[in-house]
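J.: What follows is the file coords-v1.cif, containing mmCIF, C-alpha atoms:
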```cif
data_coords
#
loop_
_atom_site.label_atom_id
_atom_site.label_comp_id
_atom_site.auth_asym_id
_atom_site.auth_seq_id
_atom_site.Cartn_x
_atom_site.Cartn_y
_atom_site.Cartn_z
CA MET A 147 0.00 0.00 0.00
CA SER A 148 1.59 3.29 -1.05
CA LYS A 149 0.72 6.47 0.77
CA LEU A 150 0.48 9.85 -0.84
CA PRO A 151 3.98 11.29 -0.68
CA SER A 152 2.67 14.69 0.38
CA THR A 153 1.24 13.49 3.70
CA ARG A 154 3.44 14.38 6.66
CA ILE A 155 3.06 11.70 9.31
CA SER A 156 4.47 11.76 12.80
CA VAL A 157 3.69 9.80 15.94
CA ALA A 158 4.82 9.95 19.55
CA VAL A 159 4.43 7.59 22.49
CA GLN A 160 5.30 9.46 25.63
CA ALA A 161 4.69 9.77 29.37
CA ALA A 162 4.57 13.56 29.19
CA ASP A 163 1.41 15.55 28.57
CA PHE A 164 0.92 17.24 25.20
CA ASP A 165 -0.12 20.76 24.21
CA LEU A 166 -2.84 20.88 21.59
CA GLY A 167 -1.92 24.37 20.40
CA ALA A 168 1.76 23.53 19.99
CA GLU A 169 0.98 20.26 18.21
CA HIS A 170 -1.47 22.02 15.90
CA ALA A 171 1.05 24.73 15.05
CA ALA A 172 3.78 22.18 14.38
CA LEU A 173 1.55 20.15 12.06
CA CYS A 174 0.46 23.16 10.01
CA ASP A 175 3.81 24.93 9.99
CA GLY A 176 4.33 26.44 6.56
CA ASP A 177 1.65 24.37 4.82
CA ARG A 178 -0.73 26.86 3.17
CA GLY A 179 -2.62 24.07 1.45
CA ILE A 180 -4.32 23.02 4.67
CA GLY A 181 -7.94 24.08 4.82
CA ALA A 182 -9.10 22.00 7.75
CA VAL A 183 -7.56 20.46 10.84
CA VAL A 184 -9.58 18.10 13.01
CA ALA A 185 -8.31 17.43 16.53
CA PHE A 186 -9.45 14.57 18.72
CA VAL A 187 -8.32 14.65 22.35
CA GLY A 188 -9.11 11.63 24.50
CA CYS A 189 -9.27 12.13 28.27
CA VAL A 190 -9.21 9.78 31.25
CA ARG A 191 -12.66 9.44 32.82
CA ASP A 192 -13.27 8.82 36.50
CA LEU A 193 -15.89 6.16 35.87
CA ASN A 194 -15.76 2.99 33.83
CA LEU A 195 -18.25 0.15 34.33
CA ALA A 196 -19.03 0.06 38.03
CA ALA A 197 -15.99 1.24 39.92
CA ASP A 198 -14.50 4.63 40.64
CA VAL A 199 -11.27 5.00 38.73
CA VAL A 200 -8.56 6.77 40.69
CA ALA A 201 -5.79 6.18 38.16
CA LEU A 202 -5.14 4.54 34.83
CA GLU A 203 -1.93 2.77 33.89
CA LEU A 204 -1.04 2.49 30.22
CA GLU A 205 1.25 -0.33 29.17
CA HIS A 206 2.51 -0.63 25.60
CA TYR A 207 4.83 -2.62 23.36
CA PRO A 208 7.82 -0.35 22.68
CA GLY A 209 8.84 -0.55 19.04
CA MET A 210 5.67 -2.16 17.79
CA THR A 211 3.54 0.68 19.14
CA GLU A 212 5.24 3.34 17.04
CA THR A 213 5.22 1.13 13.95
CA ALA A 214 1.53 0.36 14.38
CA LEU A 215 0.62 4.04 14.77
CA ILE A 216 2.59 4.98 11.64
CA ARG A 217 0.89 2.15 9.74
CA ILE A 218 -2.55 3.42 10.80
CA ALA A 219 -1.71 6.99 9.76
CA GLU A 220 -0.38 5.74 6.42
CA GLU A 221 -3.54 3.79 5.83
CA ALA A 222 -5.60 6.93 6.48
CA ALA A 223 -3.38 8.81 4.01
CA VAL A 224 -4.12 6.23 1.34
CA ARG A 225 -7.88 6.59 1.84
CA TRP A 226 -8.16 10.38 2.15
CA PRO A 227 -6.17 13.29 0.70
CA LEU A 228 -4.34 14.41 3.83
CA ASN A 229 -1.63 17.02 4.29
CA GLY A 230 -0.64 15.71 7.69
CA VAL A 231 -1.39 13.26 10.47
CA ARG A 232 -0.08 13.57 14.01
CA ILE A 233 -0.75 10.97 16.71
CA VAL A 234 0.38 11.33 20.33
CA HIS A 235 -0.45 8.62 22.86
CA ARG A 236 0.56 8.80 26.49
CA VAL A 237 1.75 5.84 28.54
CA GLY A 238 2.41 5.26 32.22
CA ARG A 239 0.21 6.39 35.10
CA LEU A 240 -2.56 8.89 34.34
CA HIS A 241 -5.37 10.34 36.39
CA PRO A 242 -9.01 11.28 35.65
CA GLY A 243 -9.21 14.51 33.68
CA GLU A 244 -5.79 14.08 32.09
CA GLN A 245 -5.33 13.95 28.33
CA ILE A 246 -4.39 10.50 27.06
CA VAL A 247 -4.45 10.60 23.26
CA LEU A 248 -4.28 13.19 20.48
CA VAL A 249 -5.09 12.68 16.83
CA LEU A 250 -4.69 15.58 14.41
CA THR A 251 -5.69 15.23 10.76
CA ALA A 252 -5.09 18.02 8.28
CA SER A 253 -6.51 18.25 4.78
CA ALA A 254 -7.55 20.77 2.17
CA HIS A 255 -11.19 20.01 3.03
CA ARG A 256 -13.06 19.23 6.20
CA HIS A 257 -14.73 15.96 5.22
CA ALA A 258 -11.43 14.21 4.67
CA ALA A 259 -10.06 15.60 7.93
CA TYR A 260 -13.13 14.51 9.93
CA GLU A 261 -13.38 11.05 8.44
CA ALA A 262 -9.67 10.30 8.60
CA ASN A 263 -9.61 11.35 12.24
CA THR A 264 -12.40 8.94 13.16
CA PHE A 265 -10.73 6.21 11.13
CA VAL A 266 -7.42 6.68 12.95
CA MET A 267 -9.08 6.44 16.38
CA ASP A 268 -11.15 3.39 15.40
CA TYR A 269 -8.06 1.59 14.16
CA LEU A 270 -5.91 2.72 17.06
CA LYS A 271 -8.39 1.14 19.46
CA THR A 272 -8.09 -2.26 17.83
CA ARG A 273 -4.58 -2.42 16.32
CA ALA A 274 -2.17 -0.35 18.43
CA PRO A 275 -0.61 -2.33 21.29
CA PHE A 276 -1.72 -0.37 24.36
CA TRP A 277 -3.35 -1.86 27.43
CA LYS A 278 -5.20 0.01 30.16
CA LYS A 279 -5.21 -1.03 33.78
CA GLU A 280 -7.60 0.80 36.06
CA TRP A 281 -6.84 1.45 39.68
CA THR A 282 -9.95 1.59 41.83
CA PRO A 283 -10.50 1.65 45.61
CA ASP A 284 -10.92 -2.14 45.31
CA GLY A 285 -7.56 -2.58 43.58
CA PRO A 286 -6.36 -2.80 40.00
CA ARG A 287 -8.14 -4.43 37.08
CA TRP A 288 -7.28 -4.75 33.40
CA VAL A 289 -9.74 -3.07 31.07
CA ASP A 290 -11.38 -5.52 28.67
CA ALA A 291 -11.51 -4.80 24.96
CA ARG A 292 -14.96 -3.79 23.73
CA ALA A 293 -16.75 -5.55 20.93
CA SER A 294 -18.07 -2.12 19.86
CA ASP A 295 -14.50 -0.99 19.16
CA VAL A 296 -13.93 -3.97 16.88
CA GLY A 297 -17.21 -3.19 15.13
CA ALA A 298 -16.24 0.47 14.72
CA ALA A 299 -12.96 -0.48 13.01
CA ALA A 300 -14.61 -3.15 10.87
CA ARG A 301 -17.24 -0.77 9.52
CA TRP A 302 -14.55 1.12 7.56
CA HIS A 303 -14.17 -1.90 5.30
CA GLN A 304 -17.83 -1.52 4.36
CA VAL A 305 -17.67 2.26 4.06
CA VAL A 306 -14.72 2.09 1.72
CA SER A 307 -16.06 -0.73 -0.42
CA GLN A 308 -19.40 1.05 -0.73
CA ARG A 309 -17.84 4.37 -1.70
CA TYR A 310 -14.73 3.50 -3.54
CA GLY A 311 -15.50 -0.11 -4.46
CA ASN A 312 -16.21 -1.49 -7.87
CA ASP A 313 -18.51 1.29 -9.00
CA GLU A 314 -16.26 4.01 -10.37
CA HIS A 315 -19.19 6.35 -10.84
CA ASP A 316 -20.06 6.29 -7.16
CA MET B 148 14.99 -22.72 15.81
CA ASN B 149 15.49 -20.04 18.44
CA ILE B 150 12.87 -17.38 19.09
CA GLN B 151 12.25 -14.62 21.59
CA LEU B 152 8.88 -14.60 23.35
CA ARG B 153 7.31 -11.50 24.88
CA TYR B 154 4.22 -11.21 27.06
CA PHE B 155 2.20 -8.10 27.85
CA ALA B 156 -0.49 -6.82 30.20
CA ARG B 157 -2.71 -9.46 31.82
CA LEU B 158 -0.77 -12.32 30.24
CA ARG B 159 2.54 -10.95 31.51
CA GLU B 160 1.09 -10.89 35.02
CA SER B 161 -0.49 -14.34 34.75
CA PHE B 162 2.67 -15.96 33.44
CA GLY B 163 4.83 -14.08 35.91
CA LEU B 164 7.36 -13.06 33.26
CA ASP B 165 7.62 -10.50 30.49
CA GLY B 166 9.43 -12.75 28.04
CA GLU B 167 11.79 -15.64 27.50
CA ALA B 168 14.17 -17.05 24.94
CA MET B 169 13.08 -20.41 23.61
CA GLU B 170 14.50 -23.13 21.43
CA VAL B 171 11.42 -24.30 19.58
CA PRO B 172 11.16 -28.09 19.39
CA ALA B 173 11.54 -29.56 15.91
CA GLY B 174 8.21 -29.93 14.15
CA ILE B 175 6.73 -26.70 15.44
CA VAL B 176 6.63 -24.26 12.52
CA THR B 177 3.60 -22.04 13.06
CA VAL B 178 2.25 -19.70 15.73
CA ALA B 179 -0.55 -22.20 16.36
CA GLY B 180 1.98 -24.94 17.05
CA LEU B 181 3.90 -22.68 19.39
CA LEU B 182 0.72 -21.76 21.30
CA ALA B 183 -0.14 -25.44 21.74
CA HIS B 184 3.39 -26.08 22.97
CA LEU B 185 3.10 -23.28 25.54
CA ALA B 186 -0.37 -24.40 26.65
CA ALA B 187 1.05 -27.89 27.25
CA ARG B 188 2.99 -26.41 30.17
CA GLY B 189 -0.31 -26.60 32.06
CA GLY B 190 -1.45 -24.30 34.86
CA VAL B 191 -1.86 -20.66 33.90
CA TRP B 192 -0.39 -21.40 30.46
CA ALA B 193 -3.12 -23.90 29.66
CA GLU B 194 -5.73 -21.59 31.18
CA GLU B 195 -4.74 -18.39 29.38
CA LEU B 196 -4.04 -20.02 26.01
CA ALA B 197 -7.02 -22.38 26.00
CA ASN B 198 -9.32 -22.54 23.00
CA GLY B 199 -11.95 -19.87 23.37
CA ARG B 200 -9.71 -17.44 25.26
CA VAL B 201 -9.16 -14.28 23.28
CA PHE B 202 -5.62 -13.05 22.77
CA ARG B 203 -3.50 -11.62 19.99
CA VAL B 204 -0.14 -12.60 18.55
CA ALA B 205 2.44 -10.34 16.93
CA LEU B 206 5.29 -11.82 14.89
CA ASP B 207 8.22 -9.44 14.53
CA GLN B 208 5.95 -6.67 15.84
CA GLU B 209 3.18 -7.23 13.27
CA LEU B 210 -0.24 -8.63 14.21
CA VAL B 211 -0.60 -12.05 12.60
CA ASP B 212 -3.06 -14.90 12.62
CA PHE B 213 -2.17 -18.22 14.13
CA SER B 214 -1.23 -19.82 10.82
CA ALA B 215 1.82 -17.50 10.51
CA GLN B 216 5.16 -19.28 10.02
CA LEU B 217 7.90 -18.98 12.63
CA HIS B 218 11.49 -18.39 11.65
CA GLU B 219 14.91 -18.35 13.25
CA GLY B 220 15.31 -15.26 15.41
CA ALA B 221 11.61 -14.38 15.38
CA GLU B 222 10.12 -12.15 18.06
CA VAL B 223 6.74 -13.54 19.06
CA ALA B 224 4.54 -11.49 21.37
CA ILE B 225 1.35 -12.74 22.99
CA PHE B 226 -1.07 -10.30 24.57
CA PRO B 227 -4.74 -9.56 25.31
CA PRO B 228 -6.84 -7.56 22.84
CA VAL B 229 -5.62 -3.96 22.93
CA THR B 230 -7.40 -1.23 24.89
CA GLY B 231 -5.67 2.06 24.06
CA GLY B 232 -7.16 5.33 22.97
#
```
Since I need it in another form, could you write the structure as structure tokens?

T.:
Amino acid sequence: MSKLPSTRISVAVQAADFDLGAEHAALCDGDRGIGAVVAFVGCVRDLNLAADVVALELEHYPGMTETALIRIAEEAAVRWPLNGVRIVHRVGRLHPGEQIVLVLTASAHRHAAYEANTFVMDYLKTRAPFWKKEWTPDGPRWVDARASDVGAAARWHQVVSQRYGNDEHD
Amino acid sequence: MNIQLRYFARLRESFGLDGEAMEVPAGIVTVAGLLAHLAARGGVWAEELANGRVFRVALDQELVDFSAQLHEGAEVAIFPPVTGG
């Protein structure tokens, strides 16, 4: 799969927090062709299922994580005309209210930026090797994967085949 | 054939180790064969890797299905379904 050469892709896996404004400025720097930037910021909630969450611990697979994120961004760049994709995912111990993930997608037009952003998050949730462990007053527990996340990623196969499938006039 | 195994998240805790070097017995050539070999250790290995339990396998840091072929020097990681984002 070859990505459009014009798409600037960068990813970061880090313990430190990120600054949306700085990330946005860095992505757009000097690119006057960008007409739309969509930003998704994921935050740690204080409630999941039944228990109060006092902290979240993010484990990942160093090496594979970065590769997987780049792969996901590249796949988005094949499907939509994108000027840039930036993904930042935090690891380590986080607390409710903290930012955990950032996805920026930049394009000439908003539809591509919106759709690519959703696509990146849906794929990240099923293909990037991160695991959440919640700390509650009753102790730690690993967060289970959700079937709805798998369904959300899978639906892109249908969307793409419907839109860009065999019918060239679509 | 020598491989490097890595375990993450709940499986790392269940197995009590984050990885190990292994000389794969002759005749085992696929991920499926390796998983059966590990499950044959019994205890938590049999429990976590039993049929019906859901886990993922990465070969050289790429998600693969269980029919993937092993090779000398491979890095094989076994972990629960991912929960990032």

J.: Which centre and edge lengths in Å to one decimal define the box along x, y and z that fits every listed atom of range 156-159 of chain A plus 6 Å per side, as AutoDock Vina command-line options?

T.:
```
--center_x 4.3 --center_y 9.7 --center_z 17.6 --size_x 13.1 --size_y 16.2 --size_z 21.7
```

J.: Which value, in Å to one decimal, gives the distance between CA of Phe164 in chain A and CA of Asp295 in chain A?

T.: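 According to the coordinates, CA of Phe164 in chain A and CA of Asp295 in chain A are separated by 24.6 Å.
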
J.: Rounded to one decimal in Å, what is the spacing between CA of Leu166 in chain A and CA of Glu244 in chain A?

T.: 12.9 Å

J.: Residues near Thr177 in chain B, anyone? I mean within 8 Å using only C-alpha atoms, not counting same-chain ones fewer than 5 positions away, as an NGL selection string.

T.: :B and (213-217)

J.: One decimal, Å: what's the distance from CA of Gly243 in chain A over to CA of Arg256 in chain A, could you say?

T.: 28.1 Å

J.: I need the contact residues of chain A against chain B, so if you could list those with any atom within 9 Å, counting all atoms listed in the file, and return them as a ChimeraX atom specification, that would help.

T.: /A:188-189,204-207,209-211,213-214,235,246-248,267-268,270-279,288-292

J.: For range 184-199 of chain B, please output as a list in words all residues within 7 Å (counting only C-alpha atoms; exclusion window: fewer than 2 positions along the same chain).

T.: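 Once the nearby chain positions are removed, what remains is Ser161, Phe162, Gly180, Leu181, Leu182 and Val201 of chain B.
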
J.: Near His170 in chain A, counting all atoms listed in the file, which residues have an atom at most 10 Å away, once you skip same-chain residues fewer than 4 positions from it, shown as a PyMOL selection string?

T.: chain A and resi 165-166+174-175+183-185+232+250-252

J.: Around (-16.3, 5.1, 37.9) in the file's frame, which residues reach within 12 Å when counting all atoms listed in the file? Return as a list of chain:residue names?

T.: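 Residues with an atom at most 12 Å from (-16.3, 5.1, 37.9): A:Val190, A:Arg191, A:Asp192, A:Leu193, A:Asn194, A:Leu195, A:Ala196, A:Ala197, A:Asp198, A:Val199, A:Val200, A:Ala201, A:Leu202, A:Pro242, A:Glu280, A:Trp281, A:Thr282, A:Pro283, A:Asp284.
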
J.: Skip Ala262 in chain A itself and residues of its chain fewer than 5 positions away, then list as a list in words all residues within 8 Å of it, counting only C-alpha atoms.

T.: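 Near neighbours after the sequence-gap exclusion: Ala222, Ala223, Arg225, Trp226 and Thr251 of chain A.
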
J.: Output C-alpha atoms of each residue in that selection to a file, as a PDB file, in the coordinates of the input.

T.:
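Okay, this is what ended up in selection-v9.pdb:
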```
ATOM      1  CA  ALA A 222      -5.600   6.930   6.480  1.00  0.00           C
ATOM      2  CA  ALA A 223      -3.380   8.810   4.010  1.00  0.00           C
ATOM      3  CA  ARG A 225      -7.880   6.590   1.840  1.00  0.00           C
ATOM      4  CA  TRP A 226      -8.160  10.380   2.150  1.00  0.00           C
ATOM      5  CA  THR A 251      -5.690  15.230  10.760  1.00  0.00           C
TER       6      THR A 251
END
```

J.: Hey, what comes out of the PyMOL selection byres ((chain B and resi 221) around 7) on this file? Could you write it as a list in words?

T.: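 Checking the PyMOL selection byres ((chain B and resi 221) around 7) against this file, the residues are Ile150, Gln151, Leu206, Asp207, Leu217, His218, Glu219, Gly220, Glu222 and Val223 of chain B.
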
J.: Go through A:Ile155, A:His257, A:Gly167, A:Glu212 and flag the residue nearest Ala182 in chain A, using only C-alpha atoms for the distances.

T.: A:His257
